[in-house]
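Chemist: Structure provided below as structure tokens; questions to follow.
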Amino acid sequence: MDLLLVCISGLFIFLGIVGSFIPIIPGPLTSWIGLFSLSFVKVVNISTPFLLISFSIALLIFLLDIFIPIAGAKKFGGGKGSTYGASVGLLIGLLFLGPLGILIGPFMGAFIGELIVNQNNNKGAFKAALGSLIGFLSGVFLKFIIGLAFGFYYLNFVWNARNDLF
């Protein structure tokens, strides 16, 4: 049973790291679920304060990820159209352009989304798209770093319990 929990925890950690790039999966929270499920393994010693602090960090990054693209778009003169467009553009970009879609998709989505809302302002739409892209990439970077950190802790906990697990 313990090995099954270790594998399930590892899957959640991996999904959390992948979720850093895919907006459908809440990356930090998914990685935290991996740490939380690992805490049920009898030979792995994860303290309650560690789980509470790591959950607080995951929740904070999750909430920041909602507001960072909006702040980036607003800083450069955009609105909701560019923010929603960046998210939709990422999904479409990933589907049709693969990894390159991570950069092109949000930018084009934000640009088109802002043009839909404000049809006469091409220059403003471009600036808003740039701001939304910068905000989006900042959020992706934060989620990725937290996902890697949680992955590091996962590996550390499993490594320390390796003699009892295997």
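Letters A, B, ... mark the chains of the structure tokens in the order given; residue numbers begin at 1 per chain; ligand numbers begin at 1, in order shown.
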Mind checking which residues fall within 6 Å of segment 107-120 of chain A, counting only C-alpha atoms, ignoring those fewer than 3 positions away in the same chain, and posting them as a list in words?
Modeler: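 Residues near the query, excluding close chain neighbours: Gly81, Ser82, Gly85, Ala86, Gly89, Ile104, Ala125, Phe126, Ala129 and Leu133 of chain A.
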Chemist: Let me see the file: selected residues, C-alpha atoms, as a short mmCIF file (atom, residue, chain, number, x, y, z; two decimals), in the first residue's frame.
Modeler:
data_model
loop_
_atom_site.label_atom_id
_atom_site.label_comp_id
_atom_site.auth_asym_id
_atom_site.auth_seq_id
_atom_site.Cartn_x
_atom_site.Cartn_y
_atom_site.Cartn_z
CA GLY A 81 -10.42 40.66 -23.21
CA SER A 82 -6.66 40.32 -23.24
CA GLY A 85 -7.71 35.75 -24.66
CA ALA A 86 -4.31 34.81 -23.25
CA GLY A 89 -4.71 31.32 -26.76
CA ILE A 104 2.69 32.39 -29.32
CA ALA A 125 -4.26 45.81 -28.18
CA PHE A 126 -0.62 45.04 -28.93
CA ALA A 129 -1.16 41.59 -25.33
CA LEU A 133 2.01 37.76 -21.98
#
Chemist: Would you list the contacts of Trp159 of chain A as a list in words, taking every protein, DNA or RNA residue within 10 Å and counting only C-alpha atoms, but skipping same-chain residues closer than 6 positions in sequence?
Modeler: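 Skipping anything fewer than 6 positions along the chain leaves Val44, Tyr153 and Leu165 of chain A.
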Chemist: Between atom CA of Cys7 of chain A and atom CA of Ser54 of chain A, what distance in Å does the model show, to one decimal?
Modeler: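 Computing it gives 20.1 Å between the two atoms.
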Chemist: Using DSSP secondary structure from the backbone, list all helix (DSSP H, G or I) positions within segment 8-136 of chain A, as a PyMOL selection string.
Modeler: chain A and resi 8-18+27-38+48-75+80-117+122-136
Chemist: Keeping only C-alpha atoms, write the selected residues as a short mmCIF file (atom, residue, chain, number, x, y, z; two decimals), in the first residue's frame.
Modeler:
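Final output, saved to part29.cif:
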data_model
loop_
_atom_site.label_atom_id
_atom_site.label_comp_id
_atom_site.auth_asym_id
_atom_site.auth_seq_id
_atom_site.Cartn_x
_atom_site.Cartn_y
_atom_site.Cartn_z
CA ILE A 8 0.25 8.24 -6.66
CA SER A 9 2.08 11.06 -4.88
CA GLY A 10 4.71 11.12 -7.60
CA LEU A 11 1.98 11.30 -10.23
CA PHE A 12 0.44 14.32 -8.51
CA ILE A 13 3.85 16.00 -8.24
CA PHE A 14 4.42 15.40 -11.97
CA LEU A 15 0.93 16.67 -12.86
CA GLY A 16 1.57 19.76 -10.76
CA ILE A 17 4.75 20.54 -12.67
CA VAL A 18 2.93 19.99 -15.98
CA GLY A 27 -0.11 23.28 -10.69
CA PRO A 28 0.97 24.21 -7.15
CA LEU A 29 -2.17 22.80 -5.54
CA THR A 30 -1.87 19.57 -7.51
CA SER A 31 1.76 19.20 -6.43
CA TRP A 32 0.73 19.86 -2.85
CA ILE A 33 -1.82 17.05 -3.07
CA GLY A 34 1.15 14.84 -3.96
CA LEU A 35 2.97 15.90 -0.79
CA PHE A 36 -0.21 15.50 1.26
CA SER A 37 -0.84 11.99 -0.03
CA LEU A 38 2.81 11.13 0.63
CA THR A 48 2.03 19.02 9.95
CA PRO A 49 3.66 22.49 10.01
CA PHE A 50 5.44 21.65 6.75
CA LEU A 51 2.14 20.61 5.16
CA LEU A 52 0.40 23.78 6.37
CA ILE A 53 3.18 26.08 5.18
CA SER A 54 3.48 24.35 1.81
CA PHE A 55 -0.31 24.50 1.38
CA SER A 56 -0.28 28.22 2.17
CA ILE A 57 2.42 28.77 -0.44
CA ALA A 58 0.54 26.69 -3.03
CA LEU A 59 -2.69 28.58 -2.37
CA LEU A 60 -0.93 31.94 -2.53
CA ILE A 61 0.69 31.10 -5.87
CA PHE A 62 -2.65 29.80 -7.17
CA LEU A 63 -4.34 33.09 -6.26
CA LEU A 64 -1.47 35.20 -7.57
CA ASP A 65 -1.66 33.33 -10.86
CA ILE A 66 -5.17 34.66 -11.31
CA PHE A 67 -4.18 38.28 -10.73
CA ILE A 68 -0.69 38.54 -12.27
CA PRO A 69 -1.85 38.38 -15.94
CA ILE A 70 -4.64 40.85 -15.17
CA ALA A 71 -2.15 43.22 -13.54
CA GLY A 72 0.25 42.84 -16.48
CA ALA A 73 -2.48 43.57 -19.00
CA LYS A 74 -3.77 46.56 -17.01
CA LYS A 75 -0.26 47.91 -16.55
CA LYS A 80 -10.49 41.41 -19.48
CA GLY A 81 -10.42 40.66 -23.21
CA SER A 82 -6.66 40.32 -23.24
CA THR A 83 -6.62 38.26 -20.05
CA TYR A 84 -9.24 35.77 -21.21
CA GLY A 85 -7.71 35.75 -24.66
CA ALA A 86 -4.31 34.81 -23.25
CA SER A 87 -5.76 31.75 -21.49
CA VAL A 88 -7.71 30.61 -24.54
CA GLY A 89 -4.71 31.32 -26.76
CA LEU A 90 -2.51 29.15 -24.57
CA LEU A 91 -4.84 26.18 -24.92
CA ILE A 92 -5.18 26.60 -28.67
CA GLY A 93 -1.46 27.24 -29.03
CA LEU A 94 -0.56 24.08 -27.11
CA LEU A 95 -2.98 22.00 -29.18
CA PHE A 96 -1.79 23.20 -32.56
CA LEU A 97 1.76 24.46 -32.02
CA GLY A 98 3.04 22.25 -29.21
CA PRO A 99 5.63 23.78 -26.88
CA LEU A 100 6.01 26.84 -29.12
CA GLY A 101 2.33 27.53 -28.44
CA ILE A 102 3.24 28.43 -24.85
CA LEU A 103 4.66 31.72 -26.15
CA ILE A 104 2.69 32.39 -29.32
CA GLY A 105 -0.73 31.29 -28.04
CA PRO A 106 -1.09 33.66 -25.07
CA PHE A 107 0.25 36.62 -27.00
CA MET A 108 -2.04 36.11 -30.02
CA GLY A 109 -4.98 35.25 -27.76
CA ALA A 110 -4.51 38.40 -25.71
CA PHE A 111 -4.13 40.49 -28.86
CA ILE A 112 -7.27 39.06 -30.47
CA GLY A 113 -9.21 39.18 -27.20
CA GLU A 114 -8.37 42.84 -26.72
CA LEU A 115 -9.27 43.61 -30.35
CA ILE A 116 -12.66 41.97 -29.85
CA VAL A 117 -13.33 44.23 -26.89
CA ASN A 122 -4.52 48.05 -32.65
CA LYS A 123 -1.61 49.69 -30.85
CA GLY A 124 -3.37 49.44 -27.49
CA ALA A 125 -4.26 45.81 -28.18
CA PHE A 126 -0.62 45.04 -28.93
CA LYS A 127 0.56 46.69 -25.70
CA ALA A 128 -2.13 44.90 -23.71
CA ALA A 129 -1.16 41.59 -25.33
CA LEU A 130 2.47 42.19 -24.42
CA GLY A 131 1.54 43.00 -20.82
CA SER A 132 -0.72 39.99 -20.56
CA LEU A 133 2.01 37.76 -21.98
CA ILE A 134 4.56 39.10 -19.49
CA GLY A 135 2.10 38.56 -16.64
CA PHE A 136 1.20 35.10 -17.87
#
Chemist: Please, what distance in Å, to one decimal, runs between atom CA of Met1 of chain A and atom CA of Asn45 of chain A?
Modeler: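 Pair atom CA of Met1 of chain A / atom CA of Asn45 of chain A returns 16.2 Å.
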Chemist: In terms of the shortest atom-to-atom distance over only C-alpha atoms, which of A:Val158, A:Ala149, A:Asn163, A:Val140 is closest to Phe21 of chain A?
Modeler: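 Distance minimum relative to Phe21 of chain A lands on A:Val140.
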Chemist: Report, in Å with one decimal, the straight-line distance from atom CA of Pro26 of chain A to atom CA of Gly151 of chain A.
Modeler: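 Those two atoms sit 15.1 Å apart.
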